[in-house]
Amino acid sequence: MSTNPFDNNNTRVSRRSTSRVGASGEPPTWAARNVEWPLPNSLSNAQYARLSKTSKQLAISLGMSPPADTLGTLHMRNSSGTQFTRAGSAKGDDAPATAAGVGLGNADAMSSTSAHQSTPYYAGGLSGFMSRVLNVSNTAGAASDVADHHALDSDASLGAASRPLRPPRQGCVAAANGWIIACLECPTTVAASSATANGNHQMAPPLRLISRWNVRRGHSASMPDQWLVLPPPLRPFTAKVMHVLVDPTASHLVFSASNGECYYIHHSSTSKLPVKLKGFGPNLDGTWPKEAVVQGVQQGLTAGSYVTSIAWDRERGTEGSSKRILLGTSMGEIYEYALMSPDSEDKEDLLPMPVLLHKLYNADTADPSEMGAAVTGLHFERLRTGLMVLAATSGRHKRTRFYTFYSPHNSSFQMVMADQQYTSLTELPGSVDFADLRLCGDHFGLLSESGIYFGTIDRSLSSVNHQSSSGGAVKMIVDSGIIPYGKDDSKICGTVAIPISLAITPHHLITLNGSNEVVFLNRVAQKVIQKERLDASLPSTPTSSLDDNQLGVGELMMDIRRPDQVWLRKGRGLVHMSSSQEDRDVWKFTLQKCLDMPVNIHAEALSPESSPRQLSHSLGRHVSAFESPTEQLSEDERVIENLFEQAKALCSNAAQKAVVTCIRAEYHLSHGRVELAAKYLAQCPPSTEPFADAAIRLGLPKLGIDDPISYNYSSKAKLTLETSNMPLIAYLSDKLRASTVNGDKMTSTMVGAWLAELYLNERGNRVATSTHASQSLKDIEASQRVLLARFLNSNVNVMDSKTIMAVLASHDVDALECAAFAANSGDISTAVNAALSVSSDVAHGVYEALQILDDAPFDLAEALYYKYAPIFLARAPSLASESFVRRYSQGLSPSKLLPALIKYEETRIEKARVKQVVESAQEGAGTQTQAEKCSSAKIVDVQSNNTSDGFELRVHEDVTSVGSFEDAPFAVSGYLEGIIKLGCCSSAVFSYLISLYTKRDDEEPLYEFLSVHVPTTSLENDAAMRAVRAGVLNVSQNVLASPPLDMSFALRTVLKSGRHFRSAILLYKGFGMRQEAVELALKVDPSLARELAQESVELEERRRLWLMIAKSAVADSNSRAGKDVVARVVAVLRDCGPDVLSIEDVLPYMPDFASINQIKDEICEALMAYSSKIDFYLKEMSDCDKICEDLRDEIHRLRNYRMRMRPDARCAYTNKLVLNSNEPFYVFPSGFVVLDKALKEQILPHLNAEQRGRVFQIEQLLSSRPESLTSTDGDDLQAELDGLIAAECPLTGSVMIESIDCEFEDGVELWEKTSVDK
């Protein structure tokens, strides 16, 4: 074991050379420490015999029966001359003869020992056997095993006291999840004197042991589960374990032998017994399996191959199941397989045998350099869009190749291997024996003859659409390359020594060469940062008995759970290498890589023919697009930007980040990306880049002062700074953002005012220097206007509004821009003034003003609504009315808006009159009159004043001018209708709306409005109307109308207009004045009069109304010379019905010349109706007489009604004997008997107050003055009392139904009460 790992303050045996690359005075990045690995150097003969027997018993338990000629029979003799076989059976003079060469598979030969010796070892499991074997006191075990005694005596006769334990060979040690798993072999050596009877000497198979050591627990002698044993190998018996493969959880252990055998041990299972996997190597009987092909797919490994690598499922694999995994073999084949714990119930992904997926070479077309190359590295990764598989092949005198397989949107290994579109092959120069593929995160490394091939998995698949230059395959690997081995490495035969092992960490590549030198390469800088040479001492056991030449060869091991730690194993020595500050200098290397990386600048920017004006226009297009500076970078520039970001992310403190930011800014400035440089200059702390210095550097060229140092001698940067203020604007914008975060109000005010000036100046310069057409010039102006608005709106809360408004007023800025900023800053009055000052498009200005008021808080905007309502209505009445309606629910008063509404309507009517005068004058004289001049006049006066309250824009405009007035006849009525629908109950609003409706020619809006808000005639209204006619009430009182609508005003207004009589009729109905309504309807629409008459409720009123209609019909007929008078009267009779009017009612109104023949049918019908009524009344009289007679009979029967009662009858409530109680009682037809007192108690709660009072009154009269009452009076009172309390049985009548929800009386109390009463 090495005693000097990286100068860990231990006493060093020898130190050849050490080279550390880094800053002077800094400790090395990587440190190491020796770890004591509990591996013994040798086994005693007794231990070996016991372990051999356990191995054979395990083989028998697994059903393994290798042929006798493979294991052979090793004959030995003890000191007494008795001959034994290796199987342990005695063969003496008295012993029965046994077959020579029983071997491990002879069950008969082993039966004598297995019957009483195999049980303690096998049944108890193999978990604790090694601790018992290595125990110093092993007398009991040796005494109980006769075969082991013979073996020990035989070895002792040969002079061997112990057997050497071979250290693990390369590839037979693995680290995972804090465990070190190793496979060791104890070889068999036999002296020449131990010859068999026939003189043959055959060697027994080596003893194969498994060491499992938990690094976290350390070395402890009380760990019984540290050691396991494997059964002897099948043919050939000299097959060695070549690879130990462990999953990331350290639960699934796979041991691959050179003959194809694979043993599986589940680390967490209770038995921890090795299981020979089916389909790997020879069968259990030692024969080679035949090639199995199921549905065209090979199952089982190809004969002669063995597993060399496994791709574990790091994402889905668990301790119980490895899920689907990939196996790489020594013949370049890839198989699919799955491992399951014996205790696992998840059998979903179980595969009984490995399934061949892909051969990395074609046996028919492959050249010798491809055939036989083993899969030395295998890995798969689930990406966001698919599944990717990485594979590496190598071998002695074989090509080293790196394969990439990918299938988008598919998780099947078969589809991945079959998808040739995304398959790529990278052939590396030279060949190595075993090029192990190592991964850490998304980064990988692979040994080759010329250097270390490295790369990064493209998880974002940013290059999926970019094809590589060779073969046209899609690149799934980015940032790949080869790091050549250093010149200062040790030379072998004039060539560079190829490392024998490789490890990769998040930021470094670590190699180990044959001269025990560990080299640490920074993956970013691609250079060596540290070298260490180890002095590893070999085991003390003589190596003459060990036939392996690789005992002095070390290897590096990685634990996927701890990517920042690496294990170095050499022989039996372990060195733990780690770094607590692995990323200490990575940010420097990343930053240096950014500076050294070549970049292809945009061709347009580097073109010498590009003029300053063209560059200025290009920058203008960039600004108008509103894109960040990074969005205009090329692919190479984006890569550099990502590297800068990586360098910043790797910094551990603010000072390092400041250095990266400063260098980043200077880099972009030197390459002409001034805006991007300004962005990063703003992020620099004041200690490295003061504000004044940075602002001067970016502003001097624009002022005509040339300072090459300020722009790093970049001609492109100079041209940009001379022609544009955008770099300085970008710098100040970031500074403004920083001051806002820090709450620095003073800096925000200063920088904000400066930025406003720069934006305005930049806009003026671009418009002045533009040579484009008028349309393009307008686009530039619009883009600059939007750019300024974006700046003002985004920073409105951090800048001083008064200062910014003063800056805007000092330039030629559109009023709408001022309005938008004022509105966002909260100065609503200034914003509205500015919006209304626009004269080119008055409607747009009002729209902006209303939008400002709508977005502002109502408490700030309410007064401005009332103030500017006349202007809003004059310029955009429809928009204004809609805005007023939206604000009504928040409290906008319609009463305060009525003056503006009335003024607008008066102005509109006046303008319409003036327009008619102008048109008539033009038609008459054809000249412009004074009225026309007045109509075209327009006065707009805009004044500004910066007061202490804010910046104010005053607007004075003659709203009566035609140019600023819009005629919208329905705007005011639309507003009034809208607020009424929202619940407005103002009588003034209703009255004004009625007046507007009456001015229209169309009566429909008025009629519909009144139909909704005028109440229908009711009995109460009719009664009130009768009171009005009687003189009790006045019609002007509002008792007959709904509260919001003044029906009297509405009726007067409608009647005054002389039209819209249908609406007047509706109002009459609302008052209940049907007679007046019918009178008016008869003049307008007789059919409406008939409907009104039909709606009347009282019969007398209906008769009166229909008589009016009949008179009107007769009068109308008289006006027509008496034509159809009878037909009209008859139609009235039919409409009103026979119950209202008859022919005799209208006969007085008939003309004298009317013929009776025309109405004889009606007369006949009237006579028949009278006859029917007489018959009906006679029948009713007969029915009444019969009913009276029946009542007399019933009364007579009730007077003589008798009921029977048993002598022992008891009260239904008190259970007392009725005859013995000396109290009046009542007998009901239902059979129940109730005492008078109990009946009153039950009935009185169910009587109303009047009835209860009458009962008490009758009782008082009967009890207080019985002598003053006659017998007739007493009987009448008693009969009345009986009718009140005994009208029905209380237990079967309505009293019982009404008391159904009452609680039952307690049974105990009732029983006790009854008992007492008895």
# chains A, B, ... in the order shown; residues from 1 in each chain; ligands from 1
$ residues_around --residues "Met331 (chain A)" --least-positions-apart "5" --cutoff "7 Å" --atoms "only C-alpha atoms" --output "compact mmCIF listing (two decimals) with C-alpha atoms, in the first residue's frame"
# COMPACT_ATOMS: atom_id res chain seq x y z
CA SER A 305 -18.06 -14.34 -25.37
CA GLY A 372 -13.23 -9.26 -31.78
CA ALA A 373 -13.30 -5.72 -30.43
CA ALA A 374 -14.98 -5.82 -27.03
$ closest_residue --among "A:Asn833, A:Ser878, A:Leu982, A:Val173" --to "Gly891 (chain A)" --atoms "only C-alpha atoms"
A:Leu982
$ residues_around --residues "Trp1106 (chain A)" --least-positions-apart "2" --cutoff "10 Å" --atoms "only C-alpha atoms" --output "PDB file with all heavy atoms, in the first residue's frame"
ATOM      1  N   VAL A1078    -109.752  54.979 -22.655  1.00  0.00           N
ATOM      2  CA  VAL A1078    -110.604  54.453 -23.718  1.00  0.00           C
ATOM      3  C   VAL A1078    -111.067  55.581 -24.632  1.00  0.00           C
ATOM      4  O   VAL A1078    -111.147  55.416 -25.859  1.00  0.00           O
ATOM      5  CB  VAL A1078    -111.789  53.692 -23.095  1.00  0.00           C
ATOM      6  CG1 VAL A1078    -112.805  53.316 -24.165  1.00  0.00           C
ATOM      7  CG2 VAL A1078    -111.296  52.433 -22.386  1.00  0.00           C
ATOM      8  N   ALA A1089    -108.933  50.405 -27.664  1.00  0.00           N
ATOM      9  CA  ALA A1089    -109.983  50.715 -26.687  1.00  0.00           C
ATOM     10  C   ALA A1089    -110.692  49.454 -26.235  1.00  0.00           C
ATOM     11  O   ALA A1089    -111.043  49.302 -25.060  1.00  0.00           O
ATOM     12  CB  ALA A1089    -110.959  51.705 -27.299  1.00  0.00           C
ATOM     13  N   ARG A1090    -110.962  48.542 -27.139  1.00  0.00           N
ATOM     14  CA  ARG A1090    -111.612  47.294 -26.762  1.00  0.00           C
ATOM     15  C   ARG A1090    -110.734  46.460 -25.827  1.00  0.00           C
ATOM     16  O   ARG A1090    -111.227  45.836 -24.890  1.00  0.00           O
ATOM     17  CB  ARG A1090    -111.962  46.497 -28.013  1.00  0.00           C
ATOM     18  CG  ARG A1090    -112.943  47.237 -28.936  1.00  0.00           C
ATOM     19  CD  ARG A1090    -113.400  46.360 -30.067  1.00  0.00           C
ATOM     20  NE  ARG A1090    -114.307  47.084 -30.958  1.00  0.00           N
ATOM     21  CZ  ARG A1090    -115.029  46.530 -31.905  1.00  0.00           C
ATOM     22  NH1 ARG A1090    -114.930  45.221 -32.120  1.00  0.00           N
ATOM     23  NH2 ARG A1090    -115.829  47.255 -32.672  1.00  0.00           N
ATOM     24  N   LEU A1092    -108.558  47.663 -23.719  1.00  0.00           N
ATOM     25  CA  LEU A1092    -108.604  48.311 -22.414  1.00  0.00           C
ATOM     26  C   LEU A1092    -109.888  47.981 -21.679  1.00  0.00           C
ATOM     27  O   LEU A1092    -109.891  47.735 -20.468  1.00  0.00           O
ATOM     28  CB  LEU A1092    -108.468  49.828 -22.585  1.00  0.00           C
ATOM     29  CG  LEU A1092    -107.108  50.332 -23.086  1.00  0.00           C
ATOM     30  CD1 LEU A1092    -107.171  51.823 -23.376  1.00  0.00           C
ATOM     31  CD2 LEU A1092    -106.023  50.039 -22.079  1.00  0.00           C
ATOM     32  N   ALA A1093    -110.995  47.998 -22.398  1.00  0.00           N
ATOM     33  CA  ALA A1093    -112.274  47.671 -21.760  1.00  0.00           C
ATOM     34  C   ALA A1093    -112.294  46.225 -21.291  1.00  0.00           C
ATOM     35  O   ALA A1093    -112.852  45.909 -20.227  1.00  0.00           O
ATOM     36  CB  ALA A1093    -113.425  47.933 -22.726  1.00  0.00           C
ATOM     37  N   GLN A1094    -111.717  45.351 -22.044  1.00  0.00           N
ATOM     38  CA  GLN A1094    -111.713  43.950 -21.671  1.00  0.00           C
ATOM     39  C   GLN A1094    -110.856  43.694 -20.432  1.00  0.00           C
ATOM     40  O   GLN A1094    -111.101  42.745 -19.689  1.00  0.00           O
ATOM     41  CB  GLN A1094    -111.215  43.111 -22.854  1.00  0.00           C
ATOM     42  CG  GLN A1094    -111.457  41.625 -22.715  1.00  0.00           C
ATOM     43  CD  GLN A1094    -112.935  41.304 -22.784  1.00  0.00           C
ATOM     44  OE1 GLN A1094    -113.722  42.012 -23.428  1.00  0.00           O
ATOM     45  NE2 GLN A1094    -113.347  40.242 -22.113  1.00  0.00           N
ATOM     46  N   GLU A1100    -119.325  46.799 -13.508  1.00  0.00           N
ATOM     47  CA  GLU A1100    -119.985  48.056 -13.832  1.00  0.00           C
ATOM     48  C   GLU A1100    -119.097  48.917 -14.728  1.00  0.00           C
ATOM     49  O   GLU A1100    -119.558  49.553 -15.678  1.00  0.00           O
ATOM     50  CB  GLU A1100    -120.339  48.811 -12.542  1.00  0.00           C
ATOM     51  CG  GLU A1100    -121.437  48.156 -11.725  1.00  0.00           C
ATOM     52  CD  GLU A1100    -122.750  48.122 -12.498  1.00  0.00           C
ATOM     53  OE1 GLU A1100    -122.995  49.048 -13.312  1.00  0.00           O
ATOM     54  OE2 GLU A1100    -123.514  47.162 -12.329  1.00  0.00           O
ATOM     55  N   GLU A1101    -117.785  48.914 -14.380  1.00  0.00           N
ATOM     56  CA  GLU A1101    -116.862  49.701 -15.203  1.00  0.00           C
ATOM     57  C   GLU A1101    -116.770  49.125 -16.616  1.00  0.00           C
ATOM     58  O   GLU A1101    -116.721  49.871 -17.605  1.00  0.00           O
ATOM     59  CB  GLU A1101    -115.482  49.762 -14.556  1.00  0.00           C
ATOM     60  CG  GLU A1101    -114.513  50.661 -15.299  1.00  0.00           C
ATOM     61  CD  GLU A1101    -113.131  50.618 -14.679  1.00  0.00           C
ATOM     62  OE1 GLU A1101    -112.709  49.527 -14.216  1.00  0.00           O
ATOM     63  OE2 GLU A1101    -112.448  51.653 -14.673  1.00  0.00           O
ATOM     64  N   ARG A1102    -116.764  47.836 -16.707  1.00  0.00           N
ATOM     65  CA  ARG A1102    -116.696  47.215 -18.020  1.00  0.00           C
ATOM     66  C   ARG A1102    -117.948  47.559 -18.851  1.00  0.00           C
ATOM     67  O   ARG A1102    -117.851  47.844 -20.040  1.00  0.00           O
ATOM     68  CB  ARG A1102    -116.575  45.694 -17.877  1.00  0.00           C
ATOM     69  CG  ARG A1102    -115.241  45.239 -17.292  1.00  0.00           C
ATOM     70  CD  ARG A1102    -115.202  43.745 -17.157  1.00  0.00           C
ATOM     71  NE  ARG A1102    -115.221  43.099 -18.473  1.00  0.00           N
ATOM     72  CZ  ARG A1102    -115.306  41.781 -18.647  1.00  0.00           C
ATOM     73  NH1 ARG A1102    -115.380  40.994 -17.579  1.00  0.00           N
ATOM     74  NH2 ARG A1102    -115.316  41.259 -19.857  1.00  0.00           N
ATOM     75  N   ARG A1103    -119.130  47.549 -18.190  1.00  0.00           N
ATOM     76  CA  ARG A1103    -120.343  47.903 -18.906  1.00  0.00           C
ATOM     77  C   ARG A1103    -120.262  49.338 -19.402  1.00  0.00           C
ATOM     78  O   ARG A1103    -120.617  49.649 -20.541  1.00  0.00           O
ATOM     79  CB  ARG A1103    -121.564  47.745 -17.986  1.00  0.00           C
ATOM     80  CG  ARG A1103    -121.943  46.285 -17.722  1.00  0.00           C
ATOM     81  CD  ARG A1103    -123.079  46.211 -16.707  1.00  0.00           C
ATOM     82  NE  ARG A1103    -124.228  46.970 -17.159  1.00  0.00           N
ATOM     83  CZ  ARG A1103    -125.191  46.524 -17.985  1.00  0.00           C
ATOM     84  NH1 ARG A1103    -125.110  45.279 -18.431  1.00  0.00           N
ATOM     85  NH2 ARG A1103    -126.213  47.279 -18.347  1.00  0.00           N
ATOM     86  N   ARG A1104    -119.717  50.194 -18.524  1.00  0.00           N
ATOM     87  CA  ARG A1104    -119.635  51.598 -18.897  1.00  0.00           C
ATOM     88  C   ARG A1104    -118.682  51.814 -20.066  1.00  0.00           C
ATOM     89  O   ARG A1104    -118.948  52.574 -21.001  1.00  0.00           O
ATOM     90  CB  ARG A1104    -119.209  52.410 -17.680  1.00  0.00           C
ATOM     91  CG  ARG A1104    -119.206  53.910 -17.913  1.00  0.00           C
ATOM     92  CD  ARG A1104    -118.979  54.671 -16.612  1.00  0.00           C
ATOM     93  NE  ARG A1104    -117.732  54.306 -15.960  1.00  0.00           N
ATOM     94  CZ  ARG A1104    -117.659  53.580 -14.859  1.00  0.00           C
ATOM     95  NH1 ARG A1104    -118.783  53.129 -14.285  1.00  0.00           N
ATOM     96  NH2 ARG A1104    -116.506  53.293 -14.305  1.00  0.00           N
ATOM     97  N   MET A1108    -119.402  52.999 -23.992  1.00  0.00           N
ATOM     98  CA  MET A1108    -118.696  54.075 -24.679  1.00  0.00           C
ATOM     99  C   MET A1108    -118.224  53.606 -26.052  1.00  0.00           C
ATOM    100  O   MET A1108    -118.322  54.342 -27.045  1.00  0.00           O
ATOM    101  CB  MET A1108    -117.490  54.547 -23.846  1.00  0.00           C
ATOM    102  CG  MET A1108    -117.869  55.263 -22.561  1.00  0.00           C
ATOM    103  SD  MET A1108    -116.408  55.648 -21.560  1.00  0.00           S
ATOM    104  CE  MET A1108    -115.463  56.587 -22.711  1.00  0.00           C
ATOM    105  N   ILE A1109    -117.747  52.371 -26.094  1.00  0.00           N
ATOM    106  CA  ILE A1109    -117.282  51.847 -27.378  1.00  0.00           C
ATOM    107  C   ILE A1109    -118.450  51.693 -28.336  1.00  0.00           C
ATOM    108  O   ILE A1109    -118.356  51.985 -29.542  1.00  0.00           O
ATOM    109  CB  ILE A1109    -116.561  50.511 -27.155  1.00  0.00           C
ATOM    110  CG1 ILE A1109    -115.291  50.726 -26.312  1.00  0.00           C
ATOM    111  CG2 ILE A1109    -116.200  49.845 -28.470  1.00  0.00           C
ATOM    112  CD1 ILE A1109    -114.617  49.450 -25.888  1.00  0.00           C
ATOM    113  N   ALA A1110    -119.598  51.225 -27.801  1.00  0.00           N
ATOM    114  CA  ALA A1110    -120.780  51.068 -28.667  1.00  0.00           C
ATOM    115  C   ALA A1110    -121.262  52.423 -29.175  1.00  0.00           C
ATOM    116  O   ALA A1110    -121.635  52.562 -30.355  1.00  0.00           O
ATOM    117  CB  ALA A1110    -121.885  50.360 -27.887  1.00  0.00           C
ATOM    118  N   LYS A1111    -121.289  53.428 -28.299  1.00  0.00           N
ATOM    119  CA  LYS A1111    -121.673  54.761 -28.738  1.00  0.00           C
ATOM    120  C   LYS A1111    -120.736  55.275 -29.818  1.00  0.00           C
ATOM    121  O   LYS A1111    -121.169  55.888 -30.794  1.00  0.00           O
ATOM    122  CB  LYS A1111    -121.664  55.722 -27.551  1.00  0.00           C
ATOM    123  CG  LYS A1111    -122.762  55.462 -26.529  1.00  0.00           C
ATOM    124  CD  LYS A1111    -122.673  56.455 -25.383  1.00  0.00           C
ATOM    125  CE  LYS A1111    -123.738  56.183 -24.322  1.00  0.00           C
ATOM    126  NZ  LYS A1111    -123.626  57.162 -23.196  1.00  0.00           N
ATOM    127  N   SER A1112    -119.425  55.008 -29.621  1.00  0.00           N
ATOM    128  CA  SER A1112    -118.449  55.456 -30.618  1.00  0.00           C
ATOM    129  C   SER A1112    -118.690  54.760 -31.950  1.00  0.00           C
ATOM    130  O   SER A1112    -118.565  55.359 -33.020  1.00  0.00           O
ATOM    131  CB  SER A1112    -117.027  55.193 -30.137  1.00  0.00           C
ATOM    132  OG  SER A1112    -116.078  55.522 -31.114  1.00  0.00           O
ATOM    133  N   VAL A1132    -119.576  44.859 -31.446  1.00  0.00           N
ATOM    134  CA  VAL A1132    -119.261  45.272 -30.073  1.00  0.00           C
ATOM    135  C   VAL A1132    -119.874  44.306 -29.079  1.00  0.00           C
ATOM    136  O   VAL A1132    -119.257  43.920 -28.082  1.00  0.00           O
ATOM    137  CB  VAL A1132    -119.729  46.728 -29.839  1.00  0.00           C
ATOM    138  CG1 VAL A1132    -119.584  47.094 -28.368  1.00  0.00           C
ATOM    139  CG2 VAL A1132    -118.954  47.678 -30.711  1.00  0.00           C
ATOM    140  N   LEU A1133    -121.128  43.891 -29.325  1.00  0.00           N
ATOM    141  CA  LEU A1133    -121.769  42.948 -28.415  1.00  0.00           C
ATOM    142  C   LEU A1133    -121.021  41.627 -28.357  1.00  0.00           C
ATOM    143  O   LEU A1133    -120.904  41.001 -27.296  1.00  0.00           O
ATOM    144  CB  LEU A1133    -123.221  42.727 -28.850  1.00  0.00           C
ATOM    145  CG  LEU A1133    -124.174  43.930 -28.703  1.00  0.00           C
ATOM    146  CD1 LEU A1133    -125.551  43.588 -29.261  1.00  0.00           C
ATOM    147  CD2 LEU A1133    -124.273  44.356 -27.250  1.00  0.00           C
ATOM    148  N   ASP A1135    -117.844  41.133 -28.928  1.00  0.00           N
ATOM    149  CA  ASP A1135    -116.532  41.292 -28.282  1.00  0.00           C
ATOM    150  C   ASP A1135    -116.661  41.392 -26.770  1.00  0.00           C
ATOM    151  O   ASP A1135    -115.823  40.859 -26.033  1.00  0.00           O
ATOM    152  CB  ASP A1135    -115.838  42.534 -28.823  1.00  0.00           C
ATOM    153  CG  ASP A1135    -115.403  42.365 -30.276  1.00  0.00           C
ATOM    154  OD1 ASP A1135    -115.320  41.196 -30.721  1.00  0.00           O
ATOM    155  OD2 ASP A1135    -115.150  43.385 -30.960  1.00  0.00           O
ATOM    156  N   CYS A1136    -117.672  42.094 -26.289  1.00  0.00           N
ATOM    157  CA  CYS A1136    -117.772  42.271 -24.838  1.00  0.00           C
ATOM    158  C   CYS A1136    -118.337  41.053 -24.145  1.00  0.00           C
ATOM    159  O   CYS A1136    -118.077  40.820 -22.965  1.00  0.00           O
ATOM    160  CB  CYS A1136    -118.645  43.495 -24.513  1.00  0.00           C
ATOM    161  SG  CYS A1136    -120.397  43.276 -24.947  1.00  0.00           S
ATOM    162  N   VAL A1140    -121.807  41.193 -20.199  1.00  0.00           N
ATOM    163  CA  VAL A1140    -121.547  42.628 -20.013  1.00  0.00           C
ATOM    164  C   VAL A1140    -122.680  43.452 -20.625  1.00  0.00           C
ATOM    165  O   VAL A1140    -123.336  44.266 -19.952  1.00  0.00           O
ATOM    166  CB  VAL A1140    -120.192  43.010 -20.628  1.00  0.00           C
ATOM    167  CG1 VAL A1140    -119.938  44.505 -20.443  1.00  0.00           C
ATOM    168  CG2 VAL A1140    -119.080  42.189 -19.996  1.00  0.00           C
ATOM    169  N   LEU A1141    -122.911  43.287 -21.878  1.00  0.00           N
ATOM    170  CA  LEU A1141    -123.942  44.040 -22.581  1.00  0.00           C
ATOM    171  C   LEU A1141    -124.869  43.090 -23.302  1.00  0.00           C
ATOM    172  O   LEU A1141    -124.471  41.987 -23.704  1.00  0.00           O
ATOM    173  CB  LEU A1141    -123.325  45.019 -23.592  1.00  0.00           C
ATOM    174  CG  LEU A1141    -122.501  46.191 -23.057  1.00  0.00           C
ATOM    175  CD1 LEU A1141    -121.956  47.016 -24.218  1.00  0.00           C
ATOM    176  CD2 LEU A1141    -123.307  47.063 -22.106  1.00  0.00           C
ATOM    177  N   VAL A1146    -128.043  48.431 -25.906  1.00  0.00           N
ATOM    178  CA  VAL A1146    -127.587  49.280 -27.007  1.00  0.00           C
ATOM    179  C   VAL A1146    -128.726  49.719 -27.909  1.00  0.00           C
ATOM    180  O   VAL A1146    -128.505  50.491 -28.849  1.00  0.00           O
ATOM    181  CB  VAL A1146    -126.526  48.537 -27.847  1.00  0.00           C
ATOM    182  CG1 VAL A1146    -125.309  48.247 -27.003  1.00  0.00           C
ATOM    183  CG2 VAL A1146    -127.096  47.246 -28.428  1.00  0.00           C
TER     184      VAL A1146
END
$ residues_around --residues "Arg324 (chain A)" --least-positions-apart "3" --cutoff "10 Å" --atoms "only C-alpha atoms" --output "MDAnalysis selection string"
chainID A and resid 311:313 316:317 321 336:339 348:351 412:413
$ write_last_selection --atoms "N, CA and C atoms" --output "short mmCIF file (atom, residue, chain, number, x, y, z; two decimals), in the first residue's frame"
data_model
loop_
_atom_site.label_atom_id
_atom_site.label_comp_id
_atom_site.auth_asym_id
_atom_site.auth_seq_id
_atom_site.Cartn_x
_atom_site.Cartn_y
_atom_site.Cartn_z
N ALA A 311 -24.66 -1.23 -18.94
CA ALA A 311 -25.27 0.10 -18.85
C ALA A 311 -26.45 0.00 -17.90
N TRP A 312 -26.30 0.54 -16.69
CA TRP A 312 -27.35 0.48 -15.68
C TRP A 312 -28.38 1.57 -15.91
N ASP A 313 -29.59 1.29 -15.45
CA ASP A 313 -30.66 2.30 -15.51
C ASP A 313 -30.55 3.16 -14.25
N ARG A 316 -34.33 4.77 -13.21
CA ARG A 316 -35.46 3.98 -12.73
C ARG A 316 -35.03 2.77 -11.91
N GLY A 317 -33.77 2.40 -11.96
CA GLY A 317 -33.33 1.22 -11.24
C GLY A 317 -33.48 1.38 -9.74
N SER A 321 -34.98 -4.06 -8.20
CA SER A 321 -34.97 -4.40 -9.62
C SER A 321 -34.08 -3.42 -10.36
N GLU A 336 -29.91 -7.03 -24.20
CA GLU A 336 -30.86 -6.43 -23.26
C GLU A 336 -31.18 -7.47 -22.19
N TYR A 337 -31.20 -7.02 -20.94
CA TYR A 337 -31.39 -7.96 -19.84
C TYR A 337 -32.00 -7.21 -18.67
N ALA A 338 -32.36 -7.93 -17.61
CA ALA A 338 -32.90 -7.33 -16.39
C ALA A 338 -32.54 -8.22 -15.22
N LEU A 339 -32.24 -7.62 -14.08
CA LEU A 339 -31.89 -8.34 -12.87
C LEU A 339 -32.95 -8.05 -11.81
N GLU A 348 -42.19 -7.28 -13.78
CA GLU A 348 -42.65 -6.70 -15.04
C GLU A 348 -41.56 -6.72 -16.10
N ASP A 349 -40.33 -6.34 -15.72
CA ASP A 349 -39.23 -6.24 -16.67
C ASP A 349 -38.35 -7.49 -16.69
N LEU A 350 -38.80 -8.58 -16.13
CA LEU A 350 -37.98 -9.78 -16.03
C LEU A 350 -37.76 -10.40 -17.41
N LEU A 351 -36.49 -10.75 -17.70
CA LEU A 351 -36.12 -11.46 -18.91
C LEU A 351 -35.40 -12.73 -18.50
N SER A 412 -37.74 2.40 -26.27
CA SER A 412 -37.43 1.01 -26.52
C SER A 412 -36.00 0.90 -27.03
N PHE A 413 -35.23 -0.01 -26.42
CA PHE A 413 -33.85 -0.21 -26.86
C PHE A 413 -33.81 -0.76 -28.29
#
$ residues_around --residues "Leu788 (chain A)" --least-positions-apart "3" --cutoff "9 Å" --atoms "only C-alpha atoms" --output "list of chain:residue names"
A:Ala756, A:Tyr759, A:Leu760, A:Arg763, A:Ser783, A:Gln784, A:Arg785, A:Phe791, A:Leu792, A:Asn793, A:Glu817
$ closest_residue --among "A:Val254, A:Ala692, A:Leu728, A:Leu1045" --to "Glu675 (chain A)" --atoms "only C-alpha atoms"
A:Leu728
$ residues_around --residues "Ser895 (chain A)" --least-positions-apart "2" --cutoff "12 Å" --atoms "only C-alpha atoms" --output "count of residues only"
21
